[in-house]
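Engineer: What follows is data30.csv; its format and atoms are CSV, N, CA, C and O atoms.
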```csv
chain,number,residue,atom,x,y,z
A,1,MET,N,69.2,218.9,58.7
A,1,MET,CA,68.6,220.0,59.3
A,1,MET,C,67.7,220.6,58.2
A,1,MET,O,68.0,220.8,57.1
A,2,PRO,N,66.4,220.9,58.6
A,2,PRO,CA,65.5,221.5,57.7
A,2,PRO,C,65.9,222.9,57.2
A,2,PRO,O,66.5,223.7,58.0
A,3,GLU,N,65.5,223.2,56.0
A,3,GLU,CA,65.9,224.5,55.4
A,3,GLU,C,64.9,225.5,55.9
A,3,GLU,O,63.7,225.2,56.1
A,4,MET,N,65.4,226.7,56.2
A,4,MET,CA,64.5,227.8,56.6
A,4,MET,C,64.9,229.0,55.9
A,4,MET,O,66.1,229.4,55.9
A,5,LYS,N,64.0,229.7,55.4
A,5,LYS,CA,64.3,231.0,54.7
A,5,LYS,C,63.8,232.1,55.5
A,5,LYS,O,62.7,232.1,56.1
A,6,LEU,N,64.7,233.2,55.6
A,6,LEU,CA,64.4,234.3,56.4
A,6,LEU,C,64.6,235.5,55.5
A,6,LEU,O,65.6,235.7,54.9
A,7,ASP,N,63.5,236.3,55.4
A,7,ASP,CA,63.6,237.6,54.6
A,7,ASP,C,64.7,238.5,55.1
A,7,ASP,O,64.9,238.5,56.3
A,8,VAL,N,65.4,239.1,54.2
A,8,VAL,CA,66.6,240.0,54.7
A,8,VAL,C,66.1,241.1,55.6
A,8,VAL,O,66.8,241.4,56.6
A,9,VAL,N,64.9,241.6,55.4
A,9,VAL,CA,64.4,242.7,56.3
A,9,VAL,C,64.1,242.1,57.7
A,9,VAL,O,64.4,242.7,58.7
A,10,ASP,N,63.5,240.9,57.7
A,10,ASP,CA,63.3,240.2,59.0
A,10,ASP,C,64.6,239.9,59.7
A,10,ASP,O,64.6,240.0,60.9
A,11,ALA,N,65.6,239.4,59.0
A,11,ALA,CA,66.9,239.1,59.6
A,11,ALA,C,67.5,240.3,60.2
A,11,ALA,O,68.0,240.3,61.3
A,12,ALA,N,67.4,241.4,59.5
A,12,ALA,CA,68.0,242.7,60.0
A,12,ALA,C,67.2,243.1,61.3
A,12,ALA,O,67.9,243.6,62.2
A,13,GLU,N,65.9,243.0,61.3
A,13,GLU,CA,65.1,243.4,62.4
A,13,GLU,C,65.5,242.5,63.6
A,13,GLU,O,65.6,242.9,64.8
A,14,LEU,N,65.6,241.2,63.4
A,14,LEU,CA,66.0,240.3,64.4
A,14,LEU,C,67.3,240.6,65.0
A,14,LEU,O,67.6,240.5,66.2
A,15,ALA,N,68.3,240.8,64.1
A,15,ALA,CA,69.7,241.2,64.5
A,15,ALA,C,69.6,242.5,65.4
A,15,ALA,O,70.3,242.5,66.4
A,16,GLU,N,68.8,243.4,65.0
A,16,GLU,CA,68.7,244.7,65.8
A,16,GLU,C,68.2,244.4,67.2
A,16,GLU,O,68.6,244.9,68.2
A,17,LEU,N,67.2,243.5,67.3
A,17,LEU,CA,66.6,243.1,68.5
A,17,LEU,C,67.6,242.4,69.4
A,17,LEU,O,67.7,242.7,70.6
A,18,LEU,N,68.3,241.5,68.8
A,18,LEU,CA,69.4,240.8,69.6
A,18,LEU,C,70.4,241.7,70.1
A,18,LEU,O,70.9,241.6,71.2
A,19,GLN,N,70.8,242.7,69.3
A,19,GLN,CA,71.8,243.7,69.7
A,19,GLN,C,71.3,244.5,70.9
A,19,GLN,O,72.0,244.9,71.8
A,20,PHE,N,70.0,244.9,70.8
A,20,PHE,CA,69.3,245.7,71.8
A,20,PHE,C,69.4,244.9,73.1
A,20,PHE,O,69.8,245.4,74.2
A,21,LEU,N,69.1,243.6,73.1
A,21,LEU,CA,69.1,242.8,74.3
A,21,LEU,C,70.5,242.6,74.9
A,21,LEU,O,70.7,242.7,76.1
A,22,SER,N,71.5,242.5,74.0
A,22,SER,CA,72.9,242.4,74.4
A,22,SER,C,73.3,243.7,75.1
A,22,SER,O,74.0,243.7,76.2
A,23,GLN,N,73.0,244.8,74.6
A,23,GLN,CA,73.3,246.1,75.2
A,23,GLN,C,72.6,246.3,76.5
A,23,GLN,O,73.1,246.9,77.4
A,24,TRP,N,71.4,245.8,76.6
A,24,TRP,CA,70.6,245.9,77.8
A,24,TRP,C,71.3,245.1,78.9
A,24,TRP,O,71.4,245.6,80.1
A,25,LEU,N,71.7,243.9,78.6
A,25,LEU,CA,72.4,243.1,79.5
A,25,LEU,C,73.7,243.7,80.0
A,25,LEU,O,74.1,243.6,81.2
A,26,ALA,N,74.4,244.5,79.2
A,26,ALA,CA,75.6,245.1,79.5
A,26,ALA,C,75.4,246.3,80.4
A,26,ALA,O,76.3,246.8,81.2
A,27,ARG,N,74.2,246.8,80.4
A,27,ARG,CA,73.9,248.1,81.2
A,27,ARG,C,74.0,247.9,82.7
A,27,ARG,O,74.4,248.7,83.4
A,28,ASP,N,73.4,246.8,83.2
A,28,ASP,CA,73.4,246.5,84.6
A,28,ASP,C,73.6,245.0,84.9
A,28,ASP,O,72.7,244.3,85.3
A,29,PRO,N,74.8,244.6,84.7
A,29,PRO,CA,75.1,243.1,84.7
A,29,PRO,C,74.9,242.5,86.1
A,29,PRO,O,74.4,241.4,86.2
A,30,ALA,N,75.1,243.3,87.2
A,30,ALA,CA,74.9,242.7,88.5
A,30,ALA,C,73.5,242.4,88.8
A,30,ALA,O,73.1,241.3,89.2
A,31,ARG,N,72.6,243.3,88.6
A,31,ARG,CA,71.2,243.1,88.9
A,31,ARG,C,70.6,242.1,87.9
A,31,ARG,O,69.9,241.2,88.3
A,32,LEU,N,70.9,242.2,86.6
A,32,LEU,CA,70.4,241.3,85.6
A,32,LEU,C,70.9,239.9,85.8
A,32,LEU,O,70.3,238.9,85.6
A,33,GLY,N,72.2,239.9,86.2
A,33,GLY,CA,72.8,238.6,86.4
A,33,GLY,C,72.2,237.8,87.5
A,33,GLY,O,72.0,236.6,87.4
A,34,GLU,N,71.8,238.4,88.6
A,34,GLU,CA,71.1,237.8,89.7
A,34,GLU,C,69.7,237.2,89.2
A,34,GLU,O,69.3,236.1,89.5
A,35,SER,N,69.0,238.0,88.4
A,35,SER,CA,67.7,237.6,87.9
A,35,SER,C,67.9,236.4,86.9
A,35,SER,O,67.1,235.5,87.0
A,36,LEU,N,68.9,236.5,86.0
A,36,LEU,CA,69.2,235.4,85.1
A,36,LEU,C,69.5,234.2,85.8
A,36,LEU,O,69.1,233.1,85.5
A,37,ALA,N,70.3,234.3,86.9
A,37,ALA,CA,70.8,233.1,87.7
A,37,ALA,C,69.5,232.4,88.3
A,37,ALA,O,69.5,231.2,88.3
A,38,GLN,N,68.6,233.2,88.8
A,38,GLN,CA,67.4,232.6,89.4
A,38,GLN,C,66.6,231.9,88.3
A,38,GLN,O,66.0,230.9,88.5
A,39,PHE,N,66.5,232.5,87.1
A,39,PHE,CA,65.7,232.0,86.0
A,39,PHE,C,66.3,230.7,85.5
A,39,PHE,O,65.6,229.7,85.3
A,40,VAL,N,67.6,230.7,85.2
A,40,VAL,CA,68.3,229.6,84.6
A,40,VAL,C,68.5,228.5,85.6
A,40,VAL,O,68.4,227.3,85.3
A,41,GLY,N,68.9,228.8,86.8
A,41,GLY,CA,69.0,227.8,87.9
A,41,GLY,C,70.4,227.1,87.9
A,41,GLY,O,70.5,226.1,88.5
A,42,HIS,N,71.3,227.7,87.1
A,42,HIS,CA,72.7,227.1,87.1
A,42,HIS,C,73.7,228.2,86.9
A,42,HIS,O,73.6,229.0,86.0
A,43,PRO,N,74.8,228.2,87.8
A,43,PRO,CA,75.7,229.3,87.7
A,43,PRO,C,76.6,229.3,86.5
A,43,PRO,O,77.3,230.3,86.2
A,44,ALA,N,76.6,228.3,85.7
A,44,ALA,CA,77.5,228.2,84.5
A,44,ALA,C,77.0,229.1,83.4
A,44,ALA,O,77.8,229.3,82.4
A,45,TYR,N,75.8,229.5,83.4
A,45,TYR,CA,75.3,230.3,82.3
A,45,TYR,C,74.8,231.7,82.9
A,45,TYR,O,73.8,231.7,83.6
A,46,GLY,N,75.6,232.7,82.6
A,46,GLY,CA,75.3,234.0,83.2
A,46,GLY,C,75.2,235.0,82.0
A,46,GLY,O,75.1,234.7,80.9
A,47,PRO,N,75.1,236.3,82.4
A,47,PRO,CA,75.0,237.4,81.4
A,47,PRO,C,76.1,237.4,80.3
A,47,PRO,O,75.8,237.6,79.2
A,48,ALA,N,77.3,237.0,80.7
A,48,ALA,CA,78.4,237.0,79.7
A,48,ALA,C,78.2,235.9,78.7
A,48,ALA,O,78.3,236.2,77.5
A,49,GLN,N,77.7,234.8,79.1
A,49,GLN,CA,77.4,233.7,78.1
A,49,GLN,C,76.2,234.0,77.3
A,49,GLN,O,76.2,233.8,76.1
A,50,LEU,N,75.2,234.6,77.9
A,50,LEU,CA,74.0,235.0,77.1
A,50,LEU,C,74.4,236.1,76.1
A,50,LEU,O,74.0,236.0,74.9
A,51,ARG,N,75.2,237.1,76.5
A,51,ARG,CA,75.7,238.1,75.5
A,51,ARG,C,76.5,237.5,74.4
A,51,ARG,O,76.3,237.9,73.3
A,52,ASP,N,77.3,236.6,74.7
A,52,ASP,CA,78.1,235.9,73.7
A,52,ASP,C,77.2,235.2,72.7
A,52,ASP,O,77.4,235.2,71.5
A,53,ASP,N,76.2,234.5,73.2
A,53,ASP,CA,75.2,233.8,72.3
A,53,ASP,C,74.5,234.8,71.5
A,53,ASP,O,74.3,234.6,70.3
A,54,LEU,N,74.0,235.9,72.1
A,54,LEU,CA,73.3,236.9,71.3
A,54,LEU,C,74.2,237.5,70.2
A,54,LEU,O,73.8,237.7,69.0
A,55,GLU,N,75.5,237.8,70.5
A,55,GLU,CA,76.4,238.4,69.5
A,55,GLU,C,76.7,237.4,68.4
A,55,GLU,O,76.8,237.7,67.2
A,56,ARG,N,76.7,236.1,68.7
A,56,ARG,CA,76.9,235.0,67.7
A,56,ARG,C,75.7,235.0,66.8
A,56,ARG,O,75.9,234.9,65.6
A,57,PHE,N,74.5,235.1,67.3
A,57,PHE,CA,73.3,235.0,66.5
A,57,PHE,C,73.3,236.3,65.6
A,57,PHE,O,72.9,236.2,64.4
A,58,VAL,N,73.6,237.4,66.1
A,58,VAL,CA,73.7,238.6,65.3
A,58,VAL,C,74.6,238.5,64.1
A,58,VAL,O,74.3,238.8,63.0
A,59,PHE,N,75.8,237.9,64.4
A,59,PHE,CA,76.8,237.6,63.4
A,59,PHE,C,76.2,236.7,62.3
A,59,PHE,O,76.4,236.9,61.1
A,60,LEU,N,75.6,235.6,62.7
A,60,LEU,CA,75.1,234.6,61.8
A,60,LEU,C,73.9,235.2,61.0
A,60,LEU,O,73.7,234.8,59.8
A,61,LEU,N,73.2,236.2,61.5
A,61,LEU,CA,72.2,236.9,60.7
A,61,LEU,C,72.7,237.9,59.8
A,61,LEU,O,72.0,238.5,59.0
A,62,GLY,N,74.1,238.2,59.9
A,62,GLY,CA,74.7,239.2,59.0
A,62,GLY,C,74.6,240.6,59.6
A,62,GLY,O,74.8,241.6,58.9
A,63,GLY,N,74.3,240.7,60.9
A,63,GLY,CA,74.1,242.0,61.5
A,63,GLY,C,75.4,242.6,62.1
A,63,GLY,O,75.4,243.7,62.6
A,64,SER,N,76.5,241.8,62.0
A,64,SER,CA,77.8,242.4,62.5
A,64,SER,C,78.9,241.7,61.7
A,64,SER,O,78.7,240.7,61.1
A,65,ASP,N,80.1,242.3,61.8
A,65,ASP,CA,81.2,241.7,61.2
A,65,ASP,C,81.9,240.6,62.0
A,65,ASP,O,82.9,240.0,61.6
A,66,GLY,N,81.4,240.3,63.2
A,66,GLY,CA,82.0,239.3,64.0
A,66,GLY,C,83.2,239.7,64.8
A,66,GLY,O,83.8,238.9,65.5
A,67,GLU,N,83.6,241.0,64.8
A,67,GLU,CA,84.8,241.5,65.4
A,67,GLU,C,84.7,241.1,66.9
A,67,GLU,O,85.7,240.7,67.5
A,68,SER,N,83.5,241.3,67.5
A,68,SER,CA,83.5,241.0,69.0
A,68,SER,C,83.6,239.5,69.3
A,68,SER,O,84.0,239.1,70.4
A,69,LEU,N,83.4,238.7,68.2
A,69,LEU,CA,83.6,237.2,68.4
A,69,LEU,C,85.0,236.7,68.0
A,69,LEU,O,85.5,235.9,68.7
A,70,PHE,N,85.5,237.3,67.0
A,70,PHE,CA,86.8,236.8,66.4
A,70,PHE,C,87.9,237.8,66.4
A,70,PHE,O,89.0,237.5,66.1
A,71,GLY,N,87.6,239.0,66.8
A,71,GLY,CA,88.7,240.1,66.8
A,71,GLY,C,89.6,240.1,68.0
A,71,GLY,O,89.4,239.2,68.9
A,72,PRO,N,90.5,241.0,68.0
A,72,PRO,CA,91.4,241.1,69.2
A,72,PRO,C,90.6,241.3,70.5
A,72,PRO,O,89.6,242.0,70.5
A,73,GLY,N,91.1,240.6,71.5
A,73,GLY,CA,90.4,240.7,72.8
A,73,GLY,C,89.2,239.8,73.0
A,73,GLY,O,88.6,239.8,74.0
A,74,SER,N,88.9,239.0,71.9
A,74,SER,CA,87.7,238.1,72.0
A,74,SER,C,88.1,237.0,73.0
A,74,SER,O,89.2,236.6,73.1
A,75,THR,N,87.1,236.4,73.6
A,75,THR,CA,87.3,235.3,74.6
A,75,THR,C,87.2,234.0,73.9
A,75,THR,O,87.3,233.0,74.6
A,76,GLU,N,86.9,233.9,72.6
A,76,GLU,CA,86.7,232.6,72.0
A,76,GLU,C,87.9,232.1,71.3
A,76,GLU,O,88.8,232.8,70.9
```
Give the structure from the file, written as structure tokens.
Structural biologist:
Amino acid sequence: MPEMKLDVVDAAELAELLQFLSQWLARDPARLGESLAQFVGHPAYGPAQLRDDLERFVFLLGGSDGESLFGPGSTE
């Protein structure tokens, strides 16, 4: 895998953007879920899976402690 360097400030900004998107998805999952389903074209990937992916990327960027991924009540 090729090496990629990401400035700490850029990583923090990207993590904030991903958290913003995750929170937006949580705001109105029914309406956004329908739109995502039309866009993706497959029922196996919906808002919950997208939010999980976003939270995982935030964790990998150092923007969270991963509690939502690995803490009590997590689905993983």
Engineer: Can you tell me how far atom CA of A:Leu6 sits from atom CA of A:Glu55, in Å to one decimal?
Structural biologist: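 Answer for the atom CA of A:Leu6 to atom CA of A:Glu55 separation: 18.2 Å.
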Engineer: Please report the interatomic distance between atom O of A:Phe59 and atom N of A:Leu25 in Å with one decimal.
Structural biologist: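 Result for atom O of A:Phe59 versus atom N of A:Leu25: 19.4 Å, one decimal.
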Engineer: Using only N, CA, C and O atoms, which residue out of A:Val40, A:Val9, A:Leu32, A:Ala15 lies closest to A:Leu54?
Structural biologist: A:Ala15
Engineer: Measuring between all atoms listed in the file, which one of A:Ala30, A:Leu14, A:Met1, A:Val8 shows the shortest distance to A:Val58?
Structural biologist: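 Smallest separation from A:Val58 among the options: A:Leu14.
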Engineer: So how far away is atom CA of A:Pro43 from atom CA of A:Arg56, in Å?
Structural biologist: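 Those two atoms sit 20.8 Å apart.
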Engineer: Fewer than 3 positions away in the same chain doesn't count, so skip those; otherwise give me all residues within 10 Å of A:Glu34, counting only C-alpha atoms, as a PyMOL selection string.
Structural biologist: chain A and resi 29-31+37-39+43+46-47
Engineer: Could you tell me which of A:Lys5, A:Ala44, A:Gly62, A:Gly33 comes closest to A:Gln19 if we count only C-alpha atoms?
Structural biologist: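 Once distances to A:Gln19 are computed over only C-alpha atoms, the minimum belongs to A:Gly62.
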Engineer: Identify which of the residues A:Leu61, A:Ala26, A:Ala48, A:Leu36 lies closest to A:Ala11, counting only N, CA, C and O atoms when measuring atom-to-atom distances.
Structural biologist: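 Nearest candidate to A:Ala11 out of A:Leu61, A:Ala26, A:Ala48, A:Leu36: A:Leu61.
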Engineer: Where does DSSP see helix (DSSP H, G or I) in chain A, if you list the residues as a ChimeraX atom specification?
Structural biologist: /A:8-27,29-40,47-60,67-70
Engineer: Using only C-alpha atoms, can you tell me which of A:Pro2, A:Phe57, A:Arg51, A:Ser64 comes closest to A:Gln23?
Structural biologist: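 Checking each of A:Pro2, A:Phe57, A:Arg51, A:Ser64 against A:Gln23, counting only C-alpha atoms, the winner is A:Arg51.
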Engineer: Let me make sure I understand: among A:Phe70, A:His42, A:Leu60, A:Leu50, which one has the smallest atom-to-atom distance to A:Leu18 if we use all atoms listed in the file?
Structural biologist: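 Distance minimum relative to A:Leu18 lands on A:Leu50.
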